[in-house]
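Next up, protein_16.pdb (PDB, C-alpha atoms and all ligand atoms):
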ATOM      1  CA  MET A 282      15.875 -36.573  47.190
ATOM      2  CA  GLN A 283      15.269 -40.217  47.942
ATOM      3  CA  GLY A 284      12.650 -42.640  46.713
ATOM      4  CA  ASP A 285      10.544 -42.828  43.606
ATOM      5  CA  PRO A 286       8.061 -40.047  42.913
ATOM      6  CA  ILE A 287       4.364 -40.892  42.709
ATOM      7  CA  ILE A 288       4.330 -39.858  39.039
ATOM      8  CA  LYS A 289       6.576 -38.056  36.563
ATOM      9  CA  VAL A 290       4.689 -35.193  34.924
ATOM     10  CA  ARG A 291       5.156 -34.529  31.227
ATOM     11  CA  GLU A 292       5.085 -30.721  31.073
ATOM     12  CA  MET A 293       3.392 -27.531  32.199
ATOM     13  CA  ALA A 294      -0.144 -26.899  30.961
ATOM     14  CA  PHE A 295      -1.263 -23.446  32.119
ATOM     15  CA  PRO A 296      -1.107 -20.984  35.012
ATOM     16  CA  ARG A 297      -4.110 -19.571  36.852
ATOM     17  CA  LEU A 298      -4.111 -15.894  37.849
ATOM     18  CA  SER A 299      -6.871 -13.729  39.234
ATOM     19  CA  ALA A 300      -7.570 -10.161  38.219
ATOM     20  CA  PRO A 301     -10.447  -7.794  38.897
ATOM     21  CA  ASP A 302     -10.914  -6.634  35.296
ATOM     22  CA  LEU A 303     -10.988  -9.384  32.686
ATOM     23  CA  ASP A 304     -11.337  -6.849  29.846
ATOM     24  CA  ALA A 305      -8.082  -5.164  30.847
ATOM     25  CA  MET A 306      -6.357  -8.528  31.274
ATOM     26  CA  GLU A 307      -7.548  -9.739  27.884
ATOM     27  CA  ALA A 308      -6.332  -6.533  26.236
ATOM     28  CA  PHE A 309      -2.873  -7.006  27.752
ATOM     29  CA  LEU A 310      -2.704 -10.663  26.754
ATOM     30  CA  ILE A 311      -3.712  -9.820  23.176
ATOM     31  CA  ASP A 312      -0.843  -7.317  23.039
ATOM     32  CA  PHE A 313       1.382 -10.051  24.519
ATOM     33  CA  GLY A 314       0.440 -12.380  21.665
ATOM     34  CA  MET A 315      -2.496 -14.462  22.850
ATOM     35  CA  VAL A 316      -5.979 -14.923  21.434
ATOM     36  CA  ARG A 317      -9.224 -15.382  23.331
ATOM     37  CA  ALA A 318     -10.154 -19.061  23.464
ATOM     38  CA  HIS A 319     -13.210 -18.751  25.684
ATOM     39  CA  ARG A 320     -14.647 -16.387  28.211
ATOM     40  CA  THR A 321     -17.382 -16.564  30.811
ATOM     41  CA  ASP A 322     -18.454 -13.901  33.300
ATOM     42  CA  GLU A 323     -15.900 -15.252  35.740
ATOM     43  CA  THR A 324     -13.065 -16.812  33.731
ATOM     44  CA  LEU A 325     -10.916 -15.876  30.755
ATOM     45  CA  TYR A 326      -9.120 -18.554  28.712
ATOM     46  CA  MET A 327      -6.419 -17.376  26.314
ATOM     47  CA  ARG A 328      -4.486 -19.445  23.784
ATOM     48  CA  GLY A 329      -1.552 -19.287  21.432
ATOM     49  CA  VAL A 330      -1.238 -20.467  17.837
ATOM     50  CA  GLY A 331      -0.451 -24.071  18.786
ATOM     51  CA  PRO A 332      -2.748 -27.009  19.523
ATOM     52  CA  ALA A 333      -3.280 -26.287  23.240
ATOM     53  CA  PRO A 334      -6.869 -25.023  23.579
ATOM     54  CA  TYR A 335      -5.635 -22.524  26.181
ATOM     55  CA  VAL A 336      -2.317 -21.552  27.745
ATOM     56  CA  HIS A 337      -3.444 -18.969  30.309
ATOM     57  CA  VAL A 338      -6.433 -18.837  32.679
ATOM     58  CA  VAL A 339      -7.579 -15.726  34.548
ATOM     59  CA  GLU A 340     -10.362 -15.782  37.112
ATOM     60  CA  ARG A 341     -12.179 -12.635  38.196
ATOM     61  CA  GLY A 342     -11.052 -11.616  41.682
ATOM     62  CA  GLU A 343      -8.460  -9.756  43.659
ATOM     63  CA  PRO A 344      -5.210  -9.634  41.676
ATOM     64  CA  GLY A 345      -3.075 -12.628  42.491
ATOM     65  CA  PHE A 346      -1.532 -15.969  41.664
ATOM     66  CA  ILE A 347      -3.868 -18.904  42.185
ATOM     67  CA  GLY A 348      -1.694 -21.714  40.867
ATOM     68  CA  PHE A 349      -0.861 -23.770  37.799
ATOM     69  CA  ALA A 350      -1.352 -27.129  36.091
ATOM     70  CA  PHE A 351       0.998 -29.941  35.164
ATOM     71  CA  GLU A 352       0.090 -32.368  32.414
ATOM     72  CA  ALA A 353       0.217 -36.047  33.356
ATOM     73  CA  GLN A 354       1.782 -38.529  30.931
ATOM     74  CA  THR A 355      -1.144 -40.961  31.098
ATOM     75  CA  ARG A 356      -4.627 -41.395  32.504
ATOM     76  CA  GLU A 357      -3.170 -44.026  34.840
ATOM     77  CA  ASP A 358      -0.770 -41.448  36.240
ATOM     78  CA  LEU A 359      -3.666 -39.052  36.803
ATOM     79  CA  GLU A 360      -5.554 -41.761  38.706
ATOM     80  CA  ARG A 361      -2.465 -42.662  40.714
ATOM     81  CA  ILE A 362      -1.732 -39.131  41.843
ATOM     82  CA  ALA A 363      -5.415 -38.455  42.564
ATOM     83  CA  ALA A 364      -5.409 -41.425  44.946
ATOM     84  CA  SER A 365      -2.535 -39.887  46.919
ATOM     85  CA  GLU A 366      -2.867 -37.964  50.158
ATOM     86  CA  GLY A 367      -4.158 -34.429  49.786
ATOM     87  CA  PHE A 368      -5.351 -34.746  46.178
ATOM     88  CA  SER A 369      -8.959 -34.373  45.072
ATOM     89  CA  ALA A 370     -10.788 -37.116  43.235
ATOM     90  CA  VAL A 371     -10.484 -36.968  39.450
ATOM     91  CA  GLU A 372     -13.064 -34.526  38.133
ATOM     92  CA  PRO A 373     -13.939 -33.151  34.707
ATOM     93  CA  LEU A 374     -12.274 -29.928  33.623
ATOM     94  CA  GLU A 375     -14.940 -27.410  32.711
ATOM     95  CA  ALA A 376     -12.848 -25.634  30.110
ATOM     96  CA  PRO A 377     -12.140 -25.673  26.359
ATOM     97  CA  GLY A 378     -11.054 -29.148  25.303
ATOM     98  CA  GLY A 379     -12.524 -30.760  28.412
ATOM     99  CA  GLY A 380     -10.295 -33.355  30.008
ATOM    100  CA  TRP A 381      -9.787 -34.348  33.614
ATOM    101  CA  ARG A 382      -7.928 -33.070  36.613
ATOM    102  CA  THR A 383      -7.043 -33.573  40.230
ATOM    103  CA  ARG A 384      -6.087 -30.757  42.600
ATOM    104  CA  VAL A 385      -3.822 -30.331  45.589
ATOM    105  CA  THR A 386      -2.588 -27.354  47.575
ATOM    106  CA  ASP A 387       1.157 -26.990  48.027
ATOM    107  CA  PRO A 388       2.712 -25.949  51.370
ATOM    108  CA  HIS A 389       2.566 -22.273  50.342
ATOM    109  CA  GLY A 390      -1.110 -22.378  49.396
ATOM    110  CA  VAL A 391      -0.539 -22.628  45.634
ATOM    111  CA  ALA A 392      -3.311 -24.585  43.890
ATOM    112  CA  VAL A 393      -1.551 -27.277  41.850
ATOM    113  CA  GLU A 394      -3.588 -29.158  39.267
ATOM    114  CA  VAL A 395      -2.634 -32.263  37.334
ATOM    115  CA  VAL A 396      -4.557 -32.530  34.078
ATOM    116  CA  HIS A 397      -4.926 -35.139  31.359
ATOM    117  CA  GLY A 398      -7.061 -35.744  28.286
ATOM    118  CA  ILE A 399      -7.557 -32.144  27.191
ATOM    119  CA  ALA A 400      -8.502 -32.403  23.510
ATOM    120  CA  PRO A 401      -6.197 -30.429  21.223
ATOM    121  CA  ALA A 402      -7.661 -27.536  19.271
ATOM    122  CA  ALA A 403      -7.076 -26.754  15.606
ATOM    123  CA  PRO A 404      -3.913 -24.633  15.435
ATOM    124  CA  LEU A 405      -4.604 -20.986  14.658
ATOM    125  CA  GLY A 406      -1.703 -20.715  12.291
ATOM    126  CA  ASP A 407       1.795 -21.790  11.528
ATOM    127  CA  SER A 408       3.900 -22.124  14.643
ATOM    128  CA  ALA A 409       7.013 -23.232  12.770
ATOM    129  CA  PRO A 410      10.084 -21.020  13.083
ATOM    130  CA  ARG A 411      10.843 -18.885  10.063
ATOM    131  CA  PRO A 412      13.639 -20.231   7.840
ATOM    132  CA  LEU A 413      16.962 -18.447   8.390
ATOM    133  CA  ASN A 414      20.064 -17.978   6.297
ATOM    134  CA  MET A 415      22.964 -18.268   8.728
ATOM    135  CA  GLY A 416      26.104 -18.058   6.660
ATOM    136  CA  THR A 417      26.845 -21.766   6.394
ATOM    137  CA  LYS A 418      23.281 -23.004   6.746
ATOM    138  CA  PHE A 419      20.784 -21.659   4.214
ATOM    139  CA  GLU A 420      17.159 -22.477   4.920
ATOM    140  CA  ARG A 421      15.649 -19.847   2.632
ATOM    141  CA  ILE A 422      16.626 -19.822  -0.997
ATOM    142  CA  GLY A 423      14.631 -17.916  -3.572
ATOM    143  CA  THR A 424      12.112 -16.459  -1.126
ATOM    144  CA  VAL A 425      12.223 -13.301   0.965
ATOM    145  CA  GLN A 426      11.838 -12.777   4.694
ATOM    146  CA  ARG A 427       8.902 -10.537   5.586
ATOM    147  CA  ILE A 428       7.799 -10.035   9.192
ATOM    148  CA  LYS A 429       4.278  -8.821   9.710
ATOM    149  CA  ALA A 430       4.122  -6.121  12.380
ATOM    150  CA  GLY A 431       2.047  -7.142  15.369
ATOM    151  CA  PRO A 432       2.097  -9.281  18.480
ATOM    152  CA  SER A 433       4.256 -12.373  18.953
ATOM    153  CA  ARG A 434       3.036 -15.805  18.039
ATOM    154  CA  ILE A 435       2.792 -17.581  21.392
ATOM    155  CA  LYS A 436       3.550 -21.275  21.133
ATOM    156  CA  ARG A 437       2.940 -22.684  24.616
ATOM    157  CA  PHE A 438       3.191 -22.119  28.365
ATOM    158  CA  GLY A 439       6.772 -22.970  29.285
ATOM    159  CA  HIS A 440       7.565 -22.366  32.943
ATOM    160  CA  LEU A 441       6.987 -20.385  36.070
ATOM    161  CA  ALA A 442       9.173 -19.121  38.898
ATOM    162  CA  MET A 443       8.012 -19.096  42.500
ATOM    163  CA  ASN A 444       9.537 -17.441  45.553
ATOM    164  CA  VAL A 445       9.479 -19.942  48.396
ATOM    165  CA  ARG A 446      10.468 -20.045  52.061
ATOM    166  CA  ASP A 447      12.800 -23.028  51.711
ATOM    167  CA  VAL A 448      14.000 -23.986  48.255
ATOM    168  CA  LYS A 449      15.129 -27.499  49.219
ATOM    169  CA  ALA A 450      11.908 -28.263  51.108
ATOM    170  CA  SER A 451       9.758 -27.045  48.211
ATOM    171  CA  ILE A 452      11.640 -29.159  45.703
ATOM    172  CA  ALA A 453      11.385 -32.215  47.946
ATOM    173  CA  TRP A 454       7.600 -31.701  48.079
ATOM    174  CA  TYR A 455       7.279 -31.361  44.297
ATOM    175  CA  ARG A 456       9.828 -34.077  43.559
ATOM    176  CA  ALA A 457       8.008 -36.668  45.705
ATOM    177  CA  ARG A 458       4.726 -36.072  43.891
ATOM    178  CA  PHE A 459       5.644 -35.005  40.344
ATOM    179  CA  GLY A 460       9.145 -36.339  39.710
ATOM    180  CA  ILE A 461      10.828 -33.092  38.802
ATOM    181  CA  LEU A 462      14.620 -33.100  38.341
ATOM    182  CA  GLU A 463      17.121 -30.421  39.303
ATOM    183  CA  SER A 464      18.897 -28.788  36.353
ATOM    184  CA  ASP A 465      20.965 -26.003  37.945
ATOM    185  CA  ARG A 466      21.440 -24.681  41.477
ATOM    186  CA  ILE A 467      22.619 -21.253  42.591
ATOM    187  CA  ASN A 468      24.242 -21.624  46.013
ATOM    188  CA  LEU A 469      24.875 -19.031  48.705
ATOM    189  CA  ALA A 470      27.408 -21.526  50.055
ATOM    190  CA  PRO A 471      27.931 -25.216  49.324
ATOM    191  CA  GLY A 472      24.651 -27.022  50.088
ATOM    192  CA  MET A 473      22.778 -23.740  50.631
ATOM    193  CA  PRO A 474      20.804 -23.114  47.429
ATOM    194  CA  VAL A 475      18.979 -19.809  46.935
ATOM    195  CA  ALA A 476      17.539 -20.816  43.562
ATOM    196  CA  ILE A 477      17.081 -24.134  41.777
ATOM    197  CA  PHE A 478      15.910 -24.658  38.204
ATOM    198  CA  THR A 479      13.893 -27.877  37.834
ATOM    199  CA  ARG A 480      12.690 -29.792  34.780
ATOM    200  CA  CYS A 481      10.304 -32.617  33.959
ATOM    201  CA  ASP A 482      11.708 -36.151  33.922
ATOM    202  CA  ARG A 483      10.913 -37.606  30.506
ATOM    203  CA  GLY A 484      13.666 -40.186  30.607
ATOM    204  CA  ALA A 485      15.558 -40.203  27.311
ATOM    205  CA  GLU A 486      13.257 -37.604  25.762
ATOM    206  CA  PRO A 487      14.560 -34.051  26.233
ATOM    207  CA  ALA A 488      12.592 -31.522  28.274
ATOM    208  CA  ASP A 489      12.869 -27.786  28.846
ATOM    209  CA  HIS A 490      15.830 -26.870  31.087
ATOM    210  CA  HIS A 491      13.312 -25.530  33.566
ATOM    211  CA  SER A 492       9.593 -25.907  34.123
ATOM    212  CA  ILE A 493       9.707 -24.455  37.630
ATOM    213  CA  LEU A 494      12.334 -22.167  39.110
ATOM    214  CA  PHE A 495      12.226 -22.183  42.899
ATOM    215  CA  ALA A 496      13.816 -19.012  44.289
ATOM    216  CA  SER A 497      14.379 -18.100  47.907
ATOM    217  CA  ASP A 498      11.972 -15.472  49.194
ATOM    218  CA  MET A 499      14.885 -13.780  51.002
ATOM    219  CA  GLY A 500      14.998 -11.302  48.123
ATOM    220  CA  SER A 501      11.267 -10.718  48.465
ATOM    221  CA  GLY A 502      11.227  -9.725  52.100
ATOM    222  CA  GLY A 503      10.159 -13.209  53.138
ATOM    223  CA  MET A 504       7.043 -13.141  50.988
ATOM    224  CA  PRO A 505       6.415 -16.369  49.065
ATOM    225  CA  GLY A 506       4.468 -16.176  45.843
ATOM    226  CA  LEU A 507       4.739 -15.694  42.122
ATOM    227  CA  ASN A 508       8.008 -14.503  40.657
ATOM    228  CA  HIS A 509       7.095 -14.774  36.949
ATOM    229  CA  LEU A 510       5.295 -16.757  34.250
ATOM    230  CA  SER A 511       6.761 -17.646  30.877
ATOM    231  CA  TRP A 512       5.593 -18.587  27.388
ATOM    232  CA  GLU A 513       7.616 -19.817  24.451
ATOM    233  CA  VAL A 514       7.259 -17.804  21.251
ATOM    234  CA  CYS A 515       7.720 -19.356  17.815
ATOM    235  CA  ASP A 516      11.067 -17.815  16.929
ATOM    236  CA  ILE A 517      13.421 -14.910  17.497
ATOM    237  CA  ASP A 518      11.469 -12.580  15.189
ATOM    238  CA  ASP A 519       8.373 -13.208  17.292
ATOM    239  CA  LEU A 520      10.273 -12.126  20.379
ATOM    240  CA  LEU A 521      11.793  -9.021  18.750
ATOM    241  CA  ALA A 522       8.830  -7.847  16.694
ATOM    242  CA  GLY A 523       6.513  -8.751  19.570
ATOM    243  CA  ALA A 524       8.544  -6.520  21.873
ATOM    244  CA  GLU A 525       8.178  -3.640  19.471
ATOM    245  CA  HIS A 526       4.435  -4.212  19.439
ATOM    246  CA  LEU A 527       4.193  -4.258  23.272
ATOM    247  CA  ALA A 528       6.244  -1.050  23.432
ATOM    248  CA  ALA A 529       4.005   0.612  20.848
ATOM    249  CA  LYS A 530       1.023  -0.349  23.019
ATOM    250  CA  LYS A 531       2.737   1.370  25.978
ATOM    251  CA  ARG A 532       3.007  -1.835  27.969
ATOM    252  CA  ALA A 533       5.477  -1.958  30.871
ATOM    253  CA  ARG A 534       8.720  -3.763  30.157
ATOM    254  CA  GLU A 535      10.346  -5.299  33.207
ATOM    255  CA  TRP A 536      13.616  -6.681  31.823
ATOM    256  CA  GLY A 537      14.987  -7.527  28.411
ATOM    257  CA  ILE A 538      15.971  -8.292  25.806
ATOM    258  CA  GLY A 539      18.822 -10.601  26.749
ATOM    259  CA  ARG A 540      20.031 -14.189  26.768
ATOM    260  CA  HIS A 541      20.028 -15.983  30.114
ATOM    261  CA  LEU A 542      22.976 -18.004  31.310
ATOM    262  CA  LEU A 543      21.125 -20.840  33.080
ATOM    263  CA  GLY A 544      18.661 -22.245  30.547
ATOM    264  CA  SER A 545      20.245 -20.172  27.762
ATOM    265  CA  GLN A 546      16.966 -18.758  26.487
ATOM    266  CA  VAL A 547      16.564 -15.354  24.884
ATOM    267  CA  PHE A 548      14.155 -13.538  27.193
ATOM    268  CA  ASP A 549      11.937 -10.482  27.437
ATOM    269  CA  TYR A 550       9.799  -9.751  30.526
ATOM    270  CA  TRP A 551       6.664  -7.566  30.612
ATOM    271  CA  ARG A 552       4.242  -6.646  33.377
ATOM    272  CA  ASP A 553       0.479  -7.036  33.124
ATOM    273  CA  PRO A 554      -1.770  -4.241  34.474
ATOM    274  CA  TRP A 555      -1.444  -5.647  38.026
ATOM    275  CA  GLY A 556       2.279  -6.257  37.887
ATOM    276  CA  HIS A 557       2.404 -10.018  37.215
ATOM    277  CA  ILE A 558       5.518 -10.615  35.122
ATOM    278  CA  HIS A 559       4.927 -12.375  31.804
ATOM    279  CA  GLU A 560       8.007 -13.586  29.905
ATOM    280  CA  HIS A 561       8.512 -14.272  26.219
ATOM    281  CA  TRP A 562      11.334 -16.699  25.494
ATOM    282  CA  THR A 563      12.855 -18.646  22.648
ATOM    283  CA  ASP A 564      15.858 -20.929  22.048
ATOM    284  CA  GLY A 565      16.133 -22.522  25.507
ATOM    285  CA  ASP A 566      18.154 -25.600  26.468
ATOM    286  CA  GLN A 567      16.658 -29.092  26.143
ATOM    287  CA  LEU A 568      17.984 -31.729  28.553
ATOM    288  CA  ASP A 569      17.134 -35.385  28.955
ATOM    289  CA  ALA A 570      17.026 -37.016  32.386
ATOM    290  CA  SER A 571      20.673 -38.125  32.237
ATOM    291  CA  VAL A 572      22.116 -34.596  32.474
ATOM    292  CA  PRO A 573      23.424 -34.027  36.008
ATOM    293  CA  VAL A 574      22.602 -30.956  38.072
ATOM    294  CA  GLY A 575      24.968 -28.004  37.762
ATOM    295  CA  ASP A 576      26.175 -26.072  40.809
ATOM    296  CA  HIS A 577      26.923 -22.363  40.617
ATOM    297  CA  SER A 578      27.965 -19.729  43.106
ATOM    298  CA  ILE A 579      25.737 -16.828  44.058
ATOM    299  CA  ASP A 580      27.835 -14.594  41.780
ATOM    300  CA  VAL A 581      25.993 -16.049  38.806
ATOM    301  CA  GLY A 582      22.820 -14.406  40.142
ATOM    302  CA  ALA A 583      20.256 -13.691  37.444
ATOM    303  CA  ALA A 584      23.126 -13.284  34.993
ATOM    304  CA  SER A 585      22.589 -12.912  31.307
ATOM    305  CA  GLN A 586      25.132 -13.693  28.623
ATOM    306  CA  TRP A 587      24.203 -10.438  26.941
ATOM    307  CA  GLY A 588      21.553  -7.799  27.500
ATOM    308  CA  PRO A 589      20.800  -5.301  30.251
ATOM    309  CA  ASN A 590      21.152  -5.995  33.965
ATOM    310  CA  PRO A 591      17.934  -6.926  35.793
ATOM    311  CA  PRO A 592      16.075  -4.074  37.466
ATOM    312  CA  PRO A 593      15.940  -4.195  41.282
ATOM    313  CA  THR A 594      12.239  -5.041  41.087
ATOM    314  CA  PHE A 595      12.784  -8.239  39.097
ATOM    315  CA  GLY A 596      11.985 -11.414  40.979
ATOM    316  CA  ARG A 597      10.243  -9.834  43.918
ATOM    317  CA  THR A 598       6.969 -11.447  44.841
ATOM    318  CA  ILE A 599       4.284  -9.468  43.080
ATOM    319  CA  ALA A 600       1.334 -11.777  43.470
ATOM    320  CA  PRO A 601       0.941 -13.539  46.794
ATOM    321  CA  GLN A 602      -1.845 -16.070  46.916
ATOM    322  CA  PRO A 603      -5.239 -14.371  47.213
ATOM    323  CA  ARG A 604      -6.744 -17.239  49.185
TER     324      ARG A 604
HETATM  325 FE    FE B 701      11.770 -17.364  33.092
END
Please, can you express the file's structure as structure tokens?
Amino acid sequence: MQGDPIIKVREMAFPRLSAPDLDAMEAFLIDFGMVRAHRTDETLYMRGVGPAPYVHVVERGEPGFIGFAFEAQTREDLERIAASEGFSAVEPLEAPGGGWRTRVTDPHGVAVEVVHGIAPAAPLGDSAPRPLNMGTKFERIGTVQRIKAGPSRIKRFGHLAMNVRDVKASIAWYRARFGILESDRINLAPGMPVAIFTRCDRGAEPADHHSILFASDMGSGGMPGLNHLSWEVCDIDDLLAGAEHLAAKKRAREWGIGRHLLGSQVFDYWRDPWGHIHEHWTDGDQLDASVPVGDHSIDVGAASQWGPNPPPTFGRTIAPQPR
């Protein structure tokens, strides 16, 4: 990975899926913990409790993964990347909060957007974690803990995982344009990665351990595409009580609850009506740009520190690009 990237993106903004029935998708996402932000005949925008006006976009169409958006640090960065080969001119975003974007298509046909200037929305509620009493650290004195039954509070879109033909080539493509850094590699043999977790380069400011996980499509029968999408919930009670709510609504759990090894987050994966995997997570690692990449053998696999083993279906491509 040589040379400076064109820009260094700040974070993930939202994914874009397509689904034939927006009513059914909205119903699932409400059970998952989102709230309708806006809807047209063709597009559904869903949000969490935080200031992002939307954290999930679904377009009417054949079920599939269209792409996702990064947020640029500055307007200048947006202009710089838009002037680069393959990117569209800067254009207005016709969506809640407005803003601007440029678009490019990655080597697998994924539509990658870079956005900037989306106006924040009024938060829908408190997204602060609940105070905990942890034996030596007491955050709640004189008040009781009461968890309202119902869906999770979704905080923000955190990351996605993609199955790709060549992990190193994909990362080189994204690194050159968006400045992503490698956090952890899983290697079949030295220098032969089958999965790499990558994060945003914010310099001295910490970022999520992974914003994109690139996984080899060997485990998906050579089919590149979406592996899963992931949103941060406000705290551990949101993950646990939210899981109970999804189960009560007879939604399909894929894998969970457990704590991952690489990234350390507590996770819970659910499938939408077309099989796209949606993850809830909380308590993930935060790394600044100085933390070096970690190398791990294939034995680490999709290991968790506790929790059930992954089902054989986990990680297979379930949403190849529809166009
Ligand atoms: Fe994940």
Residues within 12 Å of ligand FE 701 (chain B) (all atoms listed in the file), as a PDB file with C-alpha atoms, in the coordinates of the input?
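Wrote it out as selection_0.pdb, contents follow:
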ATOM      1  CA  PHE A 438       3.191 -22.119  28.365  1.00  0.00           C
ATOM      2  CA  GLY A 439       6.772 -22.970  29.285  1.00  0.00           C
ATOM      3  CA  HIS A 440       7.565 -22.366  32.943  1.00  0.00           C
ATOM      4  CA  LEU A 441       6.987 -20.385  36.070  1.00  0.00           C
ATOM      5  CA  ALA A 442       9.173 -19.121  38.898  1.00  0.00           C
ATOM      6  CA  MET A 443       8.012 -19.096  42.500  1.00  0.00           C
ATOM      7  CA  PHE A 478      15.910 -24.658  38.204  1.00  0.00           C
ATOM      8  CA  THR A 479      13.893 -27.877  37.834  1.00  0.00           C
ATOM      9  CA  ASP A 489      12.869 -27.786  28.846  1.00  0.00           C
ATOM     10  CA  HIS A 490      15.830 -26.870  31.087  1.00  0.00           C
ATOM     11  CA  HIS A 491      13.312 -25.530  33.566  1.00  0.00           C
ATOM     12  CA  SER A 492       9.593 -25.907  34.123  1.00  0.00           C
ATOM     13  CA  ILE A 493       9.707 -24.455  37.630  1.00  0.00           C
ATOM     14  CA  LEU A 494      12.334 -22.167  39.110  1.00  0.00           C
ATOM     15  CA  PHE A 495      12.226 -22.183  42.899  1.00  0.00           C
ATOM     16  CA  ALA A 496      13.816 -19.012  44.289  1.00  0.00           C
ATOM     17  CA  LEU A 507       4.739 -15.694  42.122  1.00  0.00           C
ATOM     18  CA  ASN A 508       8.008 -14.503  40.657  1.00  0.00           C
ATOM     19  CA  HIS A 509       7.095 -14.774  36.949  1.00  0.00           C
ATOM     20  CA  LEU A 510       5.295 -16.757  34.250  1.00  0.00           C
ATOM     21  CA  SER A 511       6.761 -17.646  30.877  1.00  0.00           C
ATOM     22  CA  TRP A 512       5.593 -18.587  27.388  1.00  0.00           C
ATOM     23  CA  GLU A 513       7.616 -19.817  24.451  1.00  0.00           C
ATOM     24  CA  TRP A 536      13.616  -6.681  31.823  1.00  0.00           C
ATOM     25  CA  GLY A 537      14.987  -7.527  28.411  1.00  0.00           C
ATOM     26  CA  GLY A 539      18.822 -10.601  26.749  1.00  0.00           C
ATOM     27  CA  ARG A 540      20.031 -14.189  26.768  1.00  0.00           C
ATOM     28  CA  HIS A 541      20.028 -15.983  30.114  1.00  0.00           C
ATOM     29  CA  LEU A 542      22.976 -18.004  31.310  1.00  0.00           C
ATOM     30  CA  LEU A 543      21.125 -20.840  33.080  1.00  0.00           C
ATOM     31  CA  GLY A 544      18.661 -22.245  30.547  1.00  0.00           C
ATOM     32  CA  SER A 545      20.245 -20.172  27.762  1.00  0.00           C
ATOM     33  CA  GLN A 546      16.966 -18.758  26.487  1.00  0.00           C
ATOM     34  CA  VAL A 547      16.564 -15.354  24.884  1.00  0.00           C
ATOM     35  CA  PHE A 548      14.155 -13.538  27.193  1.00  0.00           C
ATOM     36  CA  ASP A 549      11.937 -10.482  27.437  1.00  0.00           C
ATOM     37  CA  TYR A 550       9.799  -9.751  30.526  1.00  0.00           C
ATOM     38  CA  TRP A 551       6.664  -7.566  30.612  1.00  0.00           C
ATOM     39  CA  ILE A 558       5.518 -10.615  35.122  1.00  0.00           C
ATOM     40  CA  HIS A 559       4.927 -12.375  31.804  1.00  0.00           C
ATOM     41  CA  GLU A 560       8.007 -13.586  29.905  1.00  0.00           C
ATOM     42  CA  HIS A 561       8.512 -14.272  26.219  1.00  0.00           C
ATOM     43  CA  TRP A 562      11.334 -16.699  25.494  1.00  0.00           C
ATOM     44  CA  THR A 563      12.855 -18.646  22.648  1.00  0.00           C
ATOM     45  CA  GLY A 565      16.133 -22.522  25.507  1.00  0.00           C
ATOM     46  CA  ALA A 583      20.256 -13.691  37.444  1.00  0.00           C
ATOM     47  CA  SER A 585      22.589 -12.912  31.307  1.00  0.00           C
ATOM     48  CA  PHE A 595      12.784  -8.239  39.097  1.00  0.00           C
ATOM     49  CA  GLY A 596      11.985 -11.414  40.979  1.00  0.00           C
TER      50      GLY A 596
END
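Here CA of Lys418 in chain A and CA of Ala522 in chain A stand 23.2 Å from one another.
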- Task: Give as an MDAnalysis selection string each residue that has an atom at most 7 Å from (-4.9, -28.7, 42.8) in the file, counting only C-alpha atoms.
- Result: chainID A and resid 368 383:386 392:395
- Residue among A:Arg427, A:Phe459, A:Ala300, A:Gly314 lying closest to Arg361 in chain A, counting only C-alpha atoms: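 Of the candidates, the smallest distance to Arg361 in chain A is held by A:Phe459.
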- Please indicate the distance in Å from CA of Glu372 in chain A to CA of Pro332 in chain A, rounded to one decimal place.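 Between these atoms lies a distance of 22.6 Å.
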- Message: Counting all atoms listed in the file, which residues sit no farther than 8 Å from the position (-14.3, -27.1, 24.6) in the file's frame? I'd like them as an MDAnalysis selection string.
- Response: chainID A and resid 334 376:379 400
Once you have the residues from the selection above, write them out as a compact mmCIF listing (two decimals), in the coordinates of the input, restricted to C-alpha atoms.
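Generated output (selection.txt):
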# COMPACT_ATOMS: atom_id res chain seq x y z
CA PRO A 334 -6.87 -25.02 23.58
CA ALA A 376 -12.85 -25.63 30.11
CA PRO A 377 -12.14 -25.67 26.36
CA GLY A 378 -11.05 -29.15 25.30
CA GLY A 379 -12.52 -30.76 28.41
CA ALA A 400 -8.50 -32.40 23.51
- Query: Quick one: of A:Phe351, A:Gly380, A:Pro592, A:Pro432, who's nearest to Ala308 in chain A, counting only C-alpha atoms?
  - Reply: A:Pro432
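Shell of Asp302 in chain A at 12 Å, with only C-alpha atoms counted and residues fewer than 6 places along the chain excluded, is A:Ala308, A:Phe309, A:Asp322, A:Glu323, A:Thr324, A:Leu325, A:Val339, A:Glu340, A:Arg341, A:Gly342, A:Glu343, A:Pro344, A:Asp553, A:Pro554, A:Trp555.
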Could you dump the residues just selected with C-alpha atoms as a PDB file, in the coordinates of the input?
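And here is the file that came out, part24.pdb:
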ATOM      1  CA  ALA A 308      -6.332  -6.533  26.236  1.00  0.00           C
ATOM      2  CA  PHE A 309      -2.873  -7.006  27.752  1.00  0.00           C
ATOM      3  CA  ASP A 322     -18.454 -13.901  33.300  1.00  0.00           C
ATOM      4  CA  GLU A 323     -15.900 -15.252  35.740  1.00  0.00           C
ATOM      5  CA  THR A 324     -13.065 -16.812  33.731  1.00  0.00           C
ATOM      6  CA  LEU A 325     -10.916 -15.876  30.755  1.00  0.00           C
ATOM      7  CA  VAL A 339      -7.579 -15.726  34.548  1.00  0.00           C
ATOM      8  CA  GLU A 340     -10.362 -15.782  37.112  1.00  0.00           C
ATOM      9  CA  ARG A 341     -12.179 -12.635  38.196  1.00  0.00           C
ATOM     10  CA  GLY A 342     -11.052 -11.616  41.682  1.00  0.00           C
ATOM     11  CA  GLU A 343      -8.460  -9.756  43.659  1.00  0.00           C
ATOM     12  CA  PRO A 344      -5.210  -9.634  41.676  1.00  0.00           C
ATOM     13  CA  ASP A 553       0.479  -7.036  33.124  1.00  0.00           C
ATOM     14  CA  PRO A 554      -1.770  -4.241  34.474  1.00  0.00           C
ATOM     15  CA  TRP A 555      -1.444  -5.647  38.026  1.00  0.00           C
TER      16      TRP A 555
END
